[in-house]
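Structure file run.cif (mmCIF, C-alpha atoms) is printed below.
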data_my_file
loop_
_atom_site.label_atom_id
_atom_site.label_comp_id
_atom_site.auth_asym_id
_atom_site.auth_seq_id
_atom_site.Cartn_x
_atom_site.Cartn_y
_atom_site.Cartn_z
CA MET F 1 0.00 0.00 0.00
CA ILE F 2 1.25 3.49 -0.90
CA ILE F 3 0.27 6.56 1.11
CA THR F 4 0.01 9.85 -0.74
CA VAL F 5 -0.35 13.05 1.25
CA THR F 6 -1.82 16.16 -0.34
CA PRO F 7 -2.11 18.81 2.37
CA ASN F 8 -3.87 21.25 0.03
CA PRO F 9 -5.99 19.37 -2.53
CA ALA F 10 -7.95 21.18 -5.21
CA ILE F 11 -10.46 20.92 -7.94
CA ASP F 12 -8.48 21.81 -11.05
CA LYS F 13 -10.48 23.49 -13.79
CA ILE F 14 -8.69 23.86 -17.12
CA TYR F 15 -9.91 25.96 -20.03
CA TRP F 16 -8.55 25.93 -23.55
CA VAL F 17 -9.10 29.17 -25.52
CA GLU F 18 -8.26 30.13 -29.08
CA ARG F 19 -6.84 33.49 -28.09
CA LEU F 20 -6.27 35.35 -24.85
CA CYS F 21 -7.65 38.84 -25.49
CA LEU F 22 -6.58 40.84 -22.46
CA ASP F 23 -5.30 43.99 -24.26
CA ASP F 24 -8.21 44.87 -26.52
CA GLY F 25 -9.46 47.73 -24.41
CA GLU F 26 -12.83 46.05 -24.08
CA LEU F 27 -14.18 43.83 -21.36
CA PRO F 28 -12.73 40.52 -22.46
CA VAL F 29 -15.04 37.55 -22.90
CA MET F 30 -13.24 34.41 -23.93
CA ARG F 31 -15.13 31.32 -24.96
CA ALA F 32 -13.47 28.06 -24.03
CA THR F 33 -13.14 25.60 -26.87
CA ARG F 34 -12.80 22.86 -24.29
CA SER F 35 -12.70 22.50 -20.55
CA TYR F 36 -11.62 19.83 -18.12
CA LEU F 37 -12.35 19.33 -14.44
CA THR F 38 -10.44 17.02 -12.16
CA ALA F 39 -9.45 16.46 -8.56
CA GLY F 40 -5.92 17.74 -8.18
CA GLY F 41 -2.95 18.39 -5.99
CA LYS F 42 0.34 16.55 -6.32
CA GLY F 43 -0.47 13.61 -4.09
CA ILE F 44 -3.91 13.13 -5.60
CA ASN F 45 -2.49 13.17 -9.12
CA VAL F 46 0.04 10.54 -8.02
CA SER F 47 -2.76 8.51 -6.40
CA ILE F 48 -4.85 8.58 -9.58
CA PHE F 49 -1.88 7.46 -11.67
CA LEU F 50 -1.03 4.62 -9.28
CA ALA F 51 -4.66 3.46 -9.10
CA ARG F 52 -4.90 3.32 -12.89
CA MET F 53 -1.71 1.24 -12.88
CA GLY F 54 -3.43 -1.16 -10.49
CA ILE F 55 -1.43 -0.08 -7.44
CA GLU F 56 -3.44 0.22 -4.22
CA ASN F 57 -3.01 3.47 -2.39
CA ILE F 58 -4.47 5.71 0.30
CA ALA F 59 -5.01 9.42 -0.37
CA MET F 60 -4.66 11.60 2.72
CA GLY F 61 -4.88 15.33 3.33
CA PHE F 62 -7.26 18.08 4.41
CA ILE F 63 -10.52 18.80 2.60
CA ALA F 64 -13.40 21.16 3.23
CA GLY F 65 -16.83 22.13 1.99
CA GLU F 66 -18.56 21.25 -1.25
CA THR F 67 -15.33 21.36 -3.24
CA GLY F 68 -13.87 18.94 -0.75
CA ARG F 69 -16.80 16.61 -1.33
CA ALA F 70 -16.18 16.81 -5.06
CA VAL F 71 -12.51 15.96 -4.53
CA GLU F 72 -13.37 13.02 -2.31
CA ARG F 73 -15.98 11.65 -4.74
CA ARG F 74 -13.64 11.88 -7.72
CA VAL F 75 -10.79 10.25 -5.82
CA ARG F 76 -13.07 7.43 -4.68
CA ASP F 77 -14.40 6.96 -8.20
CA GLU F 78 -10.82 6.09 -9.18
CA GLY F 79 -10.86 3.21 -6.68
CA ILE F 80 -8.48 5.00 -4.31
CA THR F 81 -8.89 4.55 -0.56
CA THR F 82 -9.65 7.92 1.04
CA ASN F 83 -8.62 9.01 4.51
CA PHE F 84 -9.07 12.78 4.52
CA ILE F 85 -9.46 15.08 7.48
CA TRP F 86 -12.41 17.44 7.18
CA VAL F 87 -11.76 21.06 8.11
CA GLU F 88 -13.78 24.27 8.11
CA GLY F 89 -13.93 26.36 4.94
CA GLU F 90 -13.67 25.34 1.30
CA THR F 91 -11.13 23.27 -0.61
CA ARG F 92 -9.37 25.18 -3.38
CA THR F 93 -10.51 25.55 -6.94
CA ASN F 94 -7.55 26.23 -9.21
CA VAL F 95 -8.15 27.63 -12.67
CA THR F 96 -5.79 27.27 -15.61
CA ILE F 97 -6.19 28.87 -19.02
CA LEU F 98 -4.31 27.46 -21.98
CA GLU F 99 -4.09 29.53 -25.14
CA ARG F 100 -3.81 27.63 -28.38
CA GLY F 101 -0.22 27.66 -29.59
CA HIS F 102 1.07 28.91 -26.22
CA GLU F 103 0.36 25.86 -24.10
CA GLN F 104 3.83 26.02 -22.56
CA ARG F 105 2.84 29.26 -20.80
CA PRO F 106 -0.44 28.59 -19.02
CA ILE F 107 -2.19 31.25 -16.97
CA GLN F 108 -2.90 29.86 -13.53
CA ILE F 109 -5.04 31.23 -10.70
CA THR F 110 -4.61 29.30 -7.49
CA GLU F 111 -6.44 29.73 -4.21
CA GLN F 112 -4.84 29.56 -0.80
CA GLY F 113 -6.96 26.74 0.60
CA PRO F 114 -8.80 26.35 3.90
CA THR F 115 -7.15 26.98 7.24
CA VAL F 116 -6.18 23.82 9.09
CA SER F 117 -6.77 23.98 12.85
CA PRO F 118 -4.35 22.49 15.41
CA GLU F 119 -7.03 19.89 16.25
CA ALA F 120 -7.27 18.83 12.59
CA LEU F 121 -3.48 18.56 12.41
CA LYS F 122 -3.50 16.36 15.49
CA ARG F 123 -6.18 14.12 13.99
CA PHE F 124 -4.22 13.86 10.76
CA ILE F 125 -1.13 12.64 12.61
CA VAL F 126 -3.19 9.99 14.43
CA GLN F 127 -4.62 8.68 11.15
CA TYR F 128 -1.29 8.92 9.35
CA LYS F 129 0.46 6.84 12.03
CA ARG F 130 -2.28 4.23 11.69
CA ALA F 131 -1.92 4.10 7.92
CA LEU F 132 1.87 3.75 8.17
CA SER F 133 1.54 0.25 9.56
CA ARG F 134 0.29 -0.87 6.11
CA ALA F 135 2.54 1.32 3.96
CA ARG F 136 5.36 0.40 1.57
CA TYR F 137 6.11 3.98 0.42
CA VAL F 138 4.94 7.45 1.37
CA PHE F 139 4.62 10.28 -1.12
CA LEU F 140 4.44 13.83 0.25
CA GLY F 141 3.72 16.57 -2.22
CA GLY F 142 2.57 20.10 -2.85
CA SER F 143 1.96 23.33 -1.04
CA LEU F 144 0.87 23.65 2.56
CA PRO F 145 -2.45 25.32 3.39
CA PRO F 146 -2.72 28.01 6.07
CA GLY F 147 -2.30 26.57 9.55
CA VAL F 148 0.02 23.75 8.50
CA PRO F 149 3.56 24.40 9.79
CA VAL F 150 6.55 24.30 7.45
CA GLN F 151 7.87 21.37 9.52
CA PHE F 152 4.91 19.23 8.41
CA TYR F 153 6.77 17.13 5.83
CA GLN F 154 9.70 16.84 8.22
CA GLU F 155 7.44 15.34 10.89
CA LEU F 156 5.71 13.00 8.43
CA THR F 157 9.08 11.81 7.11
CA HIS F 158 10.30 11.23 10.66
CA LEU F 159 7.20 9.17 11.52
CA ALA F 160 7.49 7.13 8.32
CA HIS F 161 11.12 6.35 9.09
CA GLN F 162 10.07 5.08 12.53
CA HIS F 163 7.98 2.52 10.61
CA ARG F 164 10.88 1.91 8.16
CA VAL F 165 8.83 3.27 5.27
CA PRO F 166 10.75 5.13 2.52
CA VAL F 167 9.54 8.65 1.74
CA ILE F 168 9.40 10.64 -1.48
CA VAL F 169 9.09 14.40 -1.10
CA ASN F 170 8.01 16.64 -3.99
CA ALA F 171 7.87 20.13 -2.54
CA ALA F 172 9.53 23.51 -2.51
CA GLY F 173 10.79 26.23 -0.20
CA GLU F 174 10.88 25.86 3.54
CA ALA F 175 8.69 22.74 3.58
CA LEU F 176 11.28 20.89 1.50
CA ALA F 177 14.21 22.41 3.38
CA HIS F 178 12.86 21.10 6.69
CA ALA F 179 12.05 17.68 5.20
CA LEU F 180 15.68 17.35 4.03
CA THR F 181 16.81 17.18 7.65
CA GLU F 182 15.06 13.79 7.93
CA ARG F 183 16.86 12.49 4.82
CA PRO F 184 14.01 11.18 2.65
CA TRP F 185 14.62 8.32 0.26
CA LEU F 186 13.93 10.45 -2.85
CA ILE F 187 13.44 14.19 -3.25
CA LYS F 188 12.04 16.00 -6.25
CA PRO F 189 12.36 19.74 -5.62
CA ASP F 190 9.49 21.63 -7.22
CA THR F 191 11.45 24.18 -9.23
CA ARG F 192 8.55 25.79 -11.06
CA GLN F 193 8.58 28.84 -8.78
CA HIS F 194 11.54 28.33 -6.45
CA ARG F 195 14.88 27.73 -8.08
CA ASN F 196 16.64 27.32 -4.78
CA VAL F 197 16.36 25.17 -1.67
CA SER F 198 17.74 26.43 1.64
CA GLY F 199 19.60 29.15 -0.22
CA VAL F 200 21.21 26.64 -2.60
CA SER F 201 20.65 27.68 -6.21
CA LEU F 202 19.29 25.07 -8.64
CA ARG F 203 19.41 27.15 -11.81
CA THR F 204 22.06 25.36 -13.87
CA PRO F 205 22.81 21.66 -14.35
CA GLN F 206 26.16 22.22 -12.60
CA GLU F 207 24.45 23.77 -9.57
CA ILE F 208 21.88 20.96 -9.44
CA VAL F 209 24.53 18.23 -9.61
CA SER F 210 26.62 19.97 -6.96
CA ALA F 211 23.62 20.39 -4.61
CA GLY F 212 22.42 16.86 -5.33
CA LYS F 213 25.80 15.33 -4.49
CA ALA F 214 25.91 17.28 -1.23
CA TRP F 215 22.44 16.03 -0.28
CA ILE F 216 23.39 12.45 -1.15
CA ALA F 217 26.53 12.77 0.96
CA ASP F 218 24.28 13.95 3.78
CA GLY F 219 22.20 10.77 3.61
CA ILE F 220 19.36 11.49 1.18
CA GLY F 221 18.76 8.49 -1.07
CA ALA F 222 18.33 10.12 -4.47
CA VAL F 223 17.61 13.49 -6.05
CA LEU F 224 15.50 14.08 -9.17
CA VAL F 225 15.39 17.59 -10.64
CA SER F 226 13.87 18.93 -13.85
CA HIS F 227 16.40 21.43 -15.16
CA HIS F 228 14.95 22.04 -18.60
CA ILE F 229 11.59 21.52 -20.19
CA THR F 230 12.85 18.26 -21.71
CA HIS F 231 15.66 17.33 -19.33
CA ASP F 232 15.73 15.74 -15.87
CA LEU F 233 18.75 15.00 -13.74
CA LEU F 234 18.89 11.93 -11.50
CA ILE F 235 21.57 11.95 -8.83
CA THR F 236 22.20 8.88 -6.68
CA ARG F 237 25.08 7.38 -4.75
CA GLU F 238 25.90 5.33 -7.88
CA GLY F 239 26.11 8.24 -10.29
CA VAL F 240 24.53 11.15 -12.14
CA TRP F 241 22.30 10.76 -15.19
CA ASP F 242 20.76 13.21 -17.60
CA LEU F 243 17.47 12.01 -19.05
CA GLU F 244 16.24 13.74 -22.19
CA ALA F 245 12.85 13.53 -23.85
CA CYS F 246 13.31 13.93 -27.59
CA ASP F 247 10.96 15.32 -30.25
CA VAL F 248 8.30 16.43 -27.78
CA ARG F 249 5.15 18.02 -29.24
CA PHE F 250 3.81 20.02 -26.29
CA LYS F 251 0.10 20.38 -25.68
CA ASN F 252 -0.21 20.68 -21.93
CA LEU F 253 2.55 20.82 -19.34
CA LEU F 254 0.29 21.02 -16.30
CA GLY F 255 0.48 17.42 -15.18
CA ALA F 256 3.92 16.54 -16.50
CA GLU F 257 5.79 16.89 -13.20
CA ASP F 258 3.22 14.80 -11.33
CA ALA F 259 3.31 12.21 -14.11
CA LEU F 260 7.12 12.07 -13.78
CA ILE F 261 7.06 11.29 -10.08
CA ALA F 262 3.97 9.04 -10.29
CA GLY F 263 5.43 7.07 -13.19
CA THR F 264 8.72 6.70 -11.36
CA LEU F 265 7.02 5.50 -8.18
CA SER F 266 4.73 3.09 -10.02
CA ALA F 267 7.69 1.47 -11.79
CA ILE F 268 9.64 1.19 -8.52
CA VAL F 269 6.70 -0.53 -6.85
CA GLN F 270 6.60 -2.93 -9.76
CA GLY F 271 10.27 -3.82 -9.31
CA ALA F 272 12.23 -1.52 -11.64
CA SER F 273 15.59 0.01 -10.68
CA LEU F 274 15.49 3.70 -9.83
CA LEU F 275 17.09 4.65 -13.16
CA GLU F 276 14.68 2.54 -15.20
CA ALA F 277 11.80 3.78 -13.11
CA THR F 278 12.79 7.39 -13.72
CA ARG F 279 12.93 6.67 -17.45
CA PHE F 280 9.37 5.30 -17.27
CA GLY F 281 8.36 8.36 -15.23
CA MET F 282 9.82 10.66 -17.84
CA ALA F 283 7.95 8.78 -20.56
CA ALA F 284 4.75 9.29 -18.55
CA ALA F 285 5.57 13.00 -18.22
CA THR F 286 6.26 13.30 -21.94
CA ALA F 287 3.08 11.45 -22.87
CA SER F 288 1.16 13.81 -20.57
CA ALA F 289 2.83 16.89 -22.07
CA GLU F 290 1.81 15.69 -25.54
CA SER F 291 -1.80 15.13 -24.50
CA GLU F 292 -4.67 17.41 -23.48
CA GLU F 293 -5.23 15.01 -20.61
CA LEU F 294 -3.68 16.28 -17.37
CA VAL F 295 -1.82 13.05 -16.61
CA VAL F 296 -1.68 10.22 -19.17
CA THR F 297 -2.15 6.88 -17.46
CA ASP F 298 -2.42 4.60 -20.47
CA ARG F 299 0.53 2.21 -20.16
CA THR F 300 0.63 1.56 -23.90
CA ALA F 301 0.81 5.27 -24.67
CA ILE F 302 3.60 5.70 -22.13
CA GLU F 303 5.57 2.72 -23.44
CA ARG F 304 5.26 4.15 -26.94
CA VAL F 305 7.20 7.20 -25.73
CA LEU F 306 9.94 5.20 -23.96
CA PRO F 307 12.25 4.94 -27.02
CA ARG F 308 12.35 8.76 -27.13
CA ILE F 309 13.75 8.98 -23.59
CA GLN F 310 17.52 9.04 -23.81
CA ILE F 311 19.82 8.53 -20.85
CA GLU F 312 23.35 9.84 -20.58
CA GLN F 313 25.58 9.19 -17.58
CA LEU F 314 27.51 12.33 -16.66
CA MET M 1 -18.53 -9.90 -6.44
CA LYS M 2 -16.26 -9.65 -3.42
CA VAL M 3 -17.01 -7.07 -0.77
CA LYS M 4 -13.69 -5.29 -1.43
CA GLU M 5 -14.76 -4.71 -5.02
CA ILE M 6 -17.96 -2.89 -4.11
CA MET M 7 -17.25 -1.26 -0.74
CA THR M 8 -16.61 2.42 -0.19
CA LYS M 9 -12.86 2.63 0.29
CA ASP M 10 -12.86 5.16 3.07
CA LEU M 11 -10.96 4.93 6.34
CA THR M 12 -12.69 7.78 8.18
CA ALA M 13 -12.84 6.57 11.77
CA ALA M 14 -12.79 7.80 15.33
CA GLU M 15 -10.48 6.87 18.17
CA PRO M 16 -11.79 5.85 21.61
CA THR M 17 -10.07 8.88 23.15
CA MET M 18 -11.78 11.36 20.86
CA THR M 19 -14.16 13.72 22.64
CA VAL M 20 -17.86 14.02 21.94
CA ARG M 21 -17.26 17.57 20.66
CA GLU M 22 -14.60 16.36 18.22
CA LEU M 23 -16.91 13.60 17.00
CA ILE M 24 -19.80 16.04 16.40
CA GLU M 25 -17.37 18.22 14.43
CA LEU M 26 -16.34 15.15 12.37
CA PHE M 27 -19.97 14.22 11.63
CA TYR M 28 -20.84 17.80 10.73
CA ARG M 29 -17.92 18.38 8.36
CA SER M 30 -17.89 14.96 6.69
CA GLY M 31 -21.65 14.46 6.37
CA LEU M 32 -21.34 11.02 7.97
CA SER M 33 -23.75 9.94 10.70
CA SER M 34 -21.79 7.01 12.09
CA VAL M 35 -18.15 5.89 12.05
CA PRO M 36 -16.21 2.88 13.27
CA VAL M 37 -13.99 3.40 16.28
CA VAL M 38 -10.49 1.98 15.85
CA ASN M 39 -7.40 1.51 17.98
CA GLU M 40 -3.86 2.61 17.06
CA GLU M 41 -3.42 -0.35 14.72
CA GLY M 42 -6.67 0.26 12.88
CA ARG M 43 -8.54 -2.62 14.53
CA ILE M 44 -12.19 -1.97 15.18
CA VAL M 45 -13.11 -1.57 18.84
CA GLY M 46 -16.56 -0.08 18.42
CA ILE M 47 -18.96 1.92 16.30
CA ILE M 48 -20.61 5.23 17.13
CA SER M 49 -23.46 7.18 15.61
CA GLU M 50 -25.28 10.48 16.08
CA ARG M 51 -27.97 8.51 17.86
CA ASP M 52 -25.45 7.21 20.41
CA ILE M 53 -24.47 10.79 21.23
CA ILE M 54 -28.07 11.94 21.65
CA GLU M 55 -28.83 8.95 23.81
CA GLY M 56 -25.63 9.63 25.75
CA ALA M 57 -26.79 13.15 26.51
CA LEU M 58 -30.38 12.21 27.20
CA PRO M 59 -30.77 8.53 28.01
CA GLY M 60 -34.21 7.34 26.95
CA TYR M 61 -34.70 10.33 24.65
CA PHE M 62 -35.92 8.29 21.72
CA GLU M 63 -38.42 6.37 23.82
CA VAL M 64 -40.04 9.09 25.89
CA LEU M 65 -39.35 12.52 24.48
CA TYR M 66 -40.87 12.51 21.00
CA GLY M 67 -42.76 15.66 21.93
CA ILE M 68 -39.72 17.54 23.27
CA THR M 69 -40.34 21.29 23.34
CA ASP M 70 -37.25 22.55 25.11
CA MET M 71 -34.02 22.20 23.10
CA ASN M 72 -32.13 24.02 25.86
CA HIS M 73 -32.33 20.90 27.94
CA LEU M 74 -30.64 18.79 25.24
CA SER M 75 -28.11 21.56 24.64
CA GLN M 76 -27.25 21.70 28.35
CA LYS M 77 -26.90 17.93 28.53
CA LEU M 78 -24.70 17.89 25.42
CA ARG M 79 -22.41 20.50 26.96
CA GLU M 80 -22.12 18.34 30.03
CA ILE M 81 -20.72 15.45 27.98
CA GLU M 82 -18.87 17.35 25.22
CA ASN M 83 -15.45 16.65 26.71
CA ASP M 84 -16.20 13.02 27.51
CA ARG M 85 -14.37 10.35 25.57
CA ILE M 86 -16.56 8.68 22.98
CA GLU M 87 -15.55 5.24 24.25
CA PHE M 88 -18.22 5.73 26.94
CA TYR M 89 -20.97 6.08 24.32
CA MET M 90 -19.87 3.80 21.47
CA THR M 91 -21.30 0.34 20.82
CA PRO M 92 -18.42 -2.05 21.48
CA GLU M 93 -19.97 -5.07 19.77
CA VAL M 94 -19.52 -4.43 16.06
CA ILE M 95 -20.78 -6.54 13.19
CA THR M 96 -18.06 -6.51 10.55
CA ILE M 97 -17.43 -8.33 7.30
CA GLU M 98 -14.18 -9.50 5.74
CA GLU M 99 -13.15 -7.92 2.46
CA ASP M 100 -12.96 -11.28 0.67
CA GLU M 101 -16.54 -12.29 1.51
CA ASP M 102 -19.05 -12.16 -1.33
CA ASP M 103 -21.82 -9.61 -1.80
CA LEU M 104 -24.57 -12.15 -1.06
CA THR M 105 -23.13 -12.91 2.37
CA ALA M 106 -22.90 -9.18 3.06
CA ALA M 107 -26.50 -8.54 1.97
CA ASP M 108 -27.74 -11.42 4.08
CA LEU M 109 -25.84 -10.10 7.10
CA MET M 110 -27.19 -6.57 6.67
CA ILE M 111 -30.78 -7.81 6.39
CA ARG M 112 -30.54 -10.23 9.32
CA LYS M 113 -28.85 -7.70 11.60
CA ASN M 114 -30.88 -4.77 10.29
CA VAL M 115 -27.87 -2.49 9.78
CA LYS M 116 -27.37 0.19 7.12
CA SER M 117 -23.62 -0.25 6.83
CA LEU M 118 -20.89 -2.71 7.75
CA PRO M 119 -17.26 -1.91 8.53
CA VAL M 120 -15.07 -4.01 6.23
CA VAL M 121 -11.89 -5.55 7.63
CA ASN M 122 -8.97 -7.45 6.14
CA LYS M 123 -7.87 -10.85 7.41
CA ASP M 124 -5.89 -9.15 10.19
CA GLY M 125 -9.01 -7.35 11.41
CA ILE M 126 -7.83 -3.94 10.16
CA LEU M 127 -10.45 -1.49 8.85
CA VAL M 128 -10.19 -1.22 5.04
CA GLY M 129 -13.54 0.36 4.13
CA MET M 130 -17.27 0.55 4.69
CA LEU M 131 -20.00 -1.36 2.92
CA ARG M 132 -23.22 0.64 2.71
CA ARG M 133 -26.64 -0.40 1.50
CA ILE M 134 -26.19 1.90 -1.49
CA ASP M 135 -22.94 0.10 -2.42
CA LEU M 136 -24.90 -3.16 -2.62
CA LEU M 137 -27.75 -1.57 -4.57
CA LYS M 138 -25.31 -0.04 -7.04
CA ASP M 139 -23.63 -3.42 -7.39
CA LEU M 140 -26.95 -5.04 -8.21
CA LEU M 141 -27.78 -2.68 -11.08
#
Exercise: express the given structure as C-alpha cells:
Amino acid sequence: MIITVTPNPAIDKIYWVERLCLDDGELPVMRATRSYLTAGGKGINVSIFLARMGIENIAMGFIAGETGRAVERRVRDEGITTNFIWVEGETRTNVTILERGHEQRPIQITEQGPTVSPEALKRFIVQYKRALSRARYVFLGGSLPPGVPVQFYQELTHLAHQHRVPVIVNAAGEALAHALTERPWLIKPDTRQHRNVSGVSLRTPQEIVSAGKAWIADGIGAVLVSHHITHDLLITREGVWDLEACDVRFKNLLGAEDALIAGTLSAIVQGASLLEATRFGMAAATASAESEELVVTDRTAIERVLPRIQIEQL
Amino acid sequence: MKVKEIMTKDLTAAEPTMTVRELIELFYRSGLSSVPVVNEEGRIVGIISERDIIEGALPGYFEVLYGITDMNHLSQKLREIENDRIEFYMTPEVITIEEDEDDLTAADLMIRKNVKSLPVVNKDGILVGMLRRIDLLKDLL
C-alpha cells in the first residue's frame, strides 16, 4: 500500500481558448473551446496514476466544503482509498487557461486553501500513524495550506522512518528544506517557482549536480530535478544521469511533473531500478505533455514514448 | 462480487479517546452519521453514531421525548458530555465483514442484523472500508 499526502488538494479546472484577449481595451469575454475538471494536488495526481496502474493506495490530506466533497468523490471513483481530514472552509478551486499555440505558458489562478486547525493537524497525525503500519512507500507533495507548519513534511518523514517506510518528497521552499533534515529516500524539488532550496541555487545543471551530491553525501537516497523543459537529472550514490525527452510536441505541461514522479514511483513498486523507473516516469511526463489530458495513465501510450527517452551518464 | 470490489474505500474513523465535541465536528464536516472506532493499529473496537451521542446526553430520549419542546435541555446535557471520551458512548460489539466475503453474504448479514452499513476488515481485522446499502444496490444494477 502506498500513502500519498496532499495537504492542500484542489479541484483543477482547465480551459482551452483560441486566443487570450486581455489587451483589446474592451471587457474581455473568452469562450473556451474545451474545458476539463479534475481532482488535483500533487499527491492526488500521483494517487490517480497509481490506481490506474493497479497499485493500491491511500489518499490523505485536508478537505473542506462542497469542493472537498467533489474531490473526495472523484478520488473514490478512481478506486483509491480515502482518509481525509475534514476542516472548516472550502477546498481550493484552481483555474488554468491554456491559449492555443502557447500551451507552454499557461495562466494559472490558485487559491490559498482552507485553514487547518491544530485539532485537525492532530487528527491527521493519528490517522497517518495508523496508515503507516500498512505502507510500503509514502509520497508527500505540494503546497501547505494556512495553519500547516513548514515542519509538516519533516514530521511525516520522521514518523514514516520510525515505521521503516521510505519517503518521497516533492515540494519547494521551507517545507522541503525542513524535510531534508530527515533524509528522505527520494526528493524532487518543485522548481517551477523556487529555483533554490535552503539558499542553494538550482538554476544550472552544474548547480543541481553539486547540490544533489551534497544532499546524497548527507544521507538522502536520491535526487531528481527537472532542469529544462525536456531534461531531468537523476543523482544517486551510484552516479549522475541526464534524461532527455526527444521530439516532444507540447500540448499541456500542467500534469507533466506529477506524471514524472507518479510514473517513477509506479515502476519502482513494480520492481524496476530507480534509473529505469525514472525513465518510465519521464515517458509518462512526456506522454502527458503531448496530450490534453492532465496526466496520461495509459501504459501503452507511455511505453510508446519510452524509445524517445535518452539517458546519458555524466 | 467480493465485498472489497464494491465497498466504499474510506478509512474515516474515530479513536476511543476522541471527545464528543470532536466527534460532532467530524460528523458535521464529513456528512457522515456514524463511524467505526479503531485503535492505534486500525482494529475496530466499536462503532458510534449520532444517535449514540443523543442517547448519551439524554438517556431514553428516543423512547419518551418525542414531543420535546425545550431544546435548551438537550443543549445543556450535550455541553455536560462534550469533553467526555466517545468510548463511553460507542457500541463495542460491532458486526463486521471481511473484504474477501461475497456480496450475497454481506446482503444477508445486513438484512438479518438490520444495519445500514458494515465496517469491512482485512484478514488481520484492520479497517479497510465501509460497505453501505447503497454500495450493494449499485452493485446489483
Using all atoms listed in the file, which residues of chain F come within 6 Å of chain M, and what is the closest atom pair for each, with the distance in Å to one decimal? Give it as CSV, sorted by chain and residue number.
residue,atom,partner,partner_atom,distance
F:Thr81,CA,M:Lys9,CA,4.5
F:Thr82,CA,M:Asp10,CA,4.7
F:Asn83,CA,M:Leu11,CA,5.0
F:Trp86,CA,M:Arg29,CA,5.7
F:Arg130,CA,M:Glu41,CA,5.6
* Counting only C-alpha atoms, find the residues whose atoms lie at most 8 Å from (15.1, 21.7, -7.5) (file coordinates) and write them out as number ranges by chain. => F: 172, 188-191, 194-197, 202, 208, 224-227
Go ahead and save the picked residues with C-alpha atoms, as a PDB file, in the frame of the given file.
ATOM      1  CA  ALA F 172       9.530  23.510  -2.510  1.00  0.00           C
ATOM      2  CA  LYS F 188      12.040  16.000  -6.250  1.00  0.00           C
ATOM      3  CA  PRO F 189      12.360  19.740  -5.620  1.00  0.00           C
ATOM      4  CA  ASP F 190       9.490  21.630  -7.220  1.00  0.00           C
ATOM      5  CA  THR F 191      11.450  24.180  -9.230  1.00  0.00           C
ATOM      6  CA  HIS F 194      11.540  28.330  -6.450  1.00  0.00           C
ATOM      7  CA  ARG F 195      14.880  27.730  -8.080  1.00  0.00           C
ATOM      8  CA  ASN F 196      16.640  27.320  -4.780  1.00  0.00           C
ATOM      9  CA  VAL F 197      16.360  25.170  -1.670  1.00  0.00           C
ATOM     10  CA  LEU F 202      19.290  25.070  -8.640  1.00  0.00           C
ATOM     11  CA  ILE F 208      21.880  20.960  -9.440  1.00  0.00           C
ATOM     12  CA  LEU F 224      15.500  14.080  -9.170  1.00  0.00           C
ATOM     13  CA  VAL F 225      15.390  17.590 -10.640  1.00  0.00           C
ATOM     14  CA  SER F 226      13.870  18.930 -13.850  1.00  0.00           C
ATOM     15  CA  HIS F 227      16.400  21.430 -15.160  1.00  0.00           C
TER      16      HIS F 227
END
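Relative to atom CA of M:Asp103, atom CA of M:Val121 is found at 14.3 Å.
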* **Length of the atom CA of F:Ile58 to atom CA of F:Ile3 vector [Å]** => 4.9 Å
* Residue nearest F:Glu66 among F:Glu244, F:Glu88, F:Glu111, F:Glu78 (counting only C-alpha atoms) ->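 Smallest separation from F:Glu66 among the options: F:Glu88.
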Incomplete stretch 15-26 of chain M brought to N, CA and C atoms, written out as a PDB file, keeping the file's coordinate frame:
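Produced file out-v2.pdb, reproduced below:
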ATOM      1  N   GLU M  15     -11.268   7.596  17.188  1.00  0.00           N
ATOM      2  CA  GLU M  15     -10.480   6.870  18.170  1.00  0.00           C
ATOM      3  C   GLU M  15     -11.245   6.893  19.487  1.00  0.00           C
ATOM      4  N   PRO M  16     -11.049   5.895  20.345  1.00  0.00           N
ATOM      5  CA  PRO M  16     -11.790   5.850  21.610  1.00  0.00           C
ATOM      6  C   PRO M  16     -11.571   7.089  22.482  1.00  0.00           C
ATOM      7  N   THR M  17     -10.401   7.719  22.309  1.00  0.00           N
ATOM      8  CA  THR M  17     -10.070   8.880  23.150  1.00  0.00           C
ATOM      9  C   THR M  17     -10.610  10.192  22.614  1.00  0.00           C
ATOM     10  N   MET M  18     -11.208  10.151  21.453  1.00  0.00           N
ATOM     11  CA  MET M  18     -11.780  11.360  20.860  1.00  0.00           C
ATOM     12  C   MET M  18     -12.904  11.873  21.767  1.00  0.00           C
ATOM     13  N   THR M  19     -13.081  13.192  21.802  1.00  0.00           N
ATOM     14  CA  THR M  19     -14.160  13.720  22.640  1.00  0.00           C
ATOM     15  C   THR M  19     -15.463  13.794  21.843  1.00  0.00           C
ATOM     16  N   VAL M  20     -16.547  13.909  22.576  1.00  0.00           N
ATOM     17  CA  VAL M  20     -17.860  14.020  21.940  1.00  0.00           C
ATOM     18  C   VAL M  20     -17.889  15.248  21.020  1.00  0.00           C
ATOM     19  N   ARG M  21     -17.297  16.345  21.485  1.00  0.00           N
ATOM     20  CA  ARG M  21     -17.260  17.570  20.660  1.00  0.00           C
ATOM     21  C   ARG M  21     -16.530  17.318  19.342  1.00  0.00           C
ATOM     22  N   GLU M  22     -15.382  16.643  19.439  1.00  0.00           N
ATOM     23  CA  GLU M  22     -14.600  16.360  18.220  1.00  0.00           C
ATOM     24  C   GLU M  22     -15.389  15.447  17.276  1.00  0.00           C
ATOM     25  N   LEU M  23     -16.137  14.520  17.842  1.00  0.00           N
ATOM     26  CA  LEU M  23     -16.910  13.600  17.000  1.00  0.00           C
ATOM     27  C   LEU M  23     -18.047  14.356  16.288  1.00  0.00           C
ATOM     28  N   ILE M  24     -18.720  15.250  17.024  1.00  0.00           N
ATOM     29  CA  ILE M  24     -19.800  16.040  16.400  1.00  0.00           C
ATOM     30  C   ILE M  24     -19.221  16.865  15.252  1.00  0.00           C
ATOM     31  N   GLU M  25     -18.046  17.443  15.475  1.00  0.00           N
ATOM     32  CA  GLU M  25     -17.370  18.220  14.430  1.00  0.00           C
ATOM     33  C   GLU M  25     -17.089  17.326  13.214  1.00  0.00           C
ATOM     34  N   LEU M  26     -16.628  16.100  13.465  1.00  0.00           N
ATOM     35  CA  LEU M  26     -16.340  15.150  12.370  1.00  0.00           C
ATOM     36  C   LEU M  26     -17.619  14.828  11.596  1.00  0.00           C
TER      37      LEU M  26
END
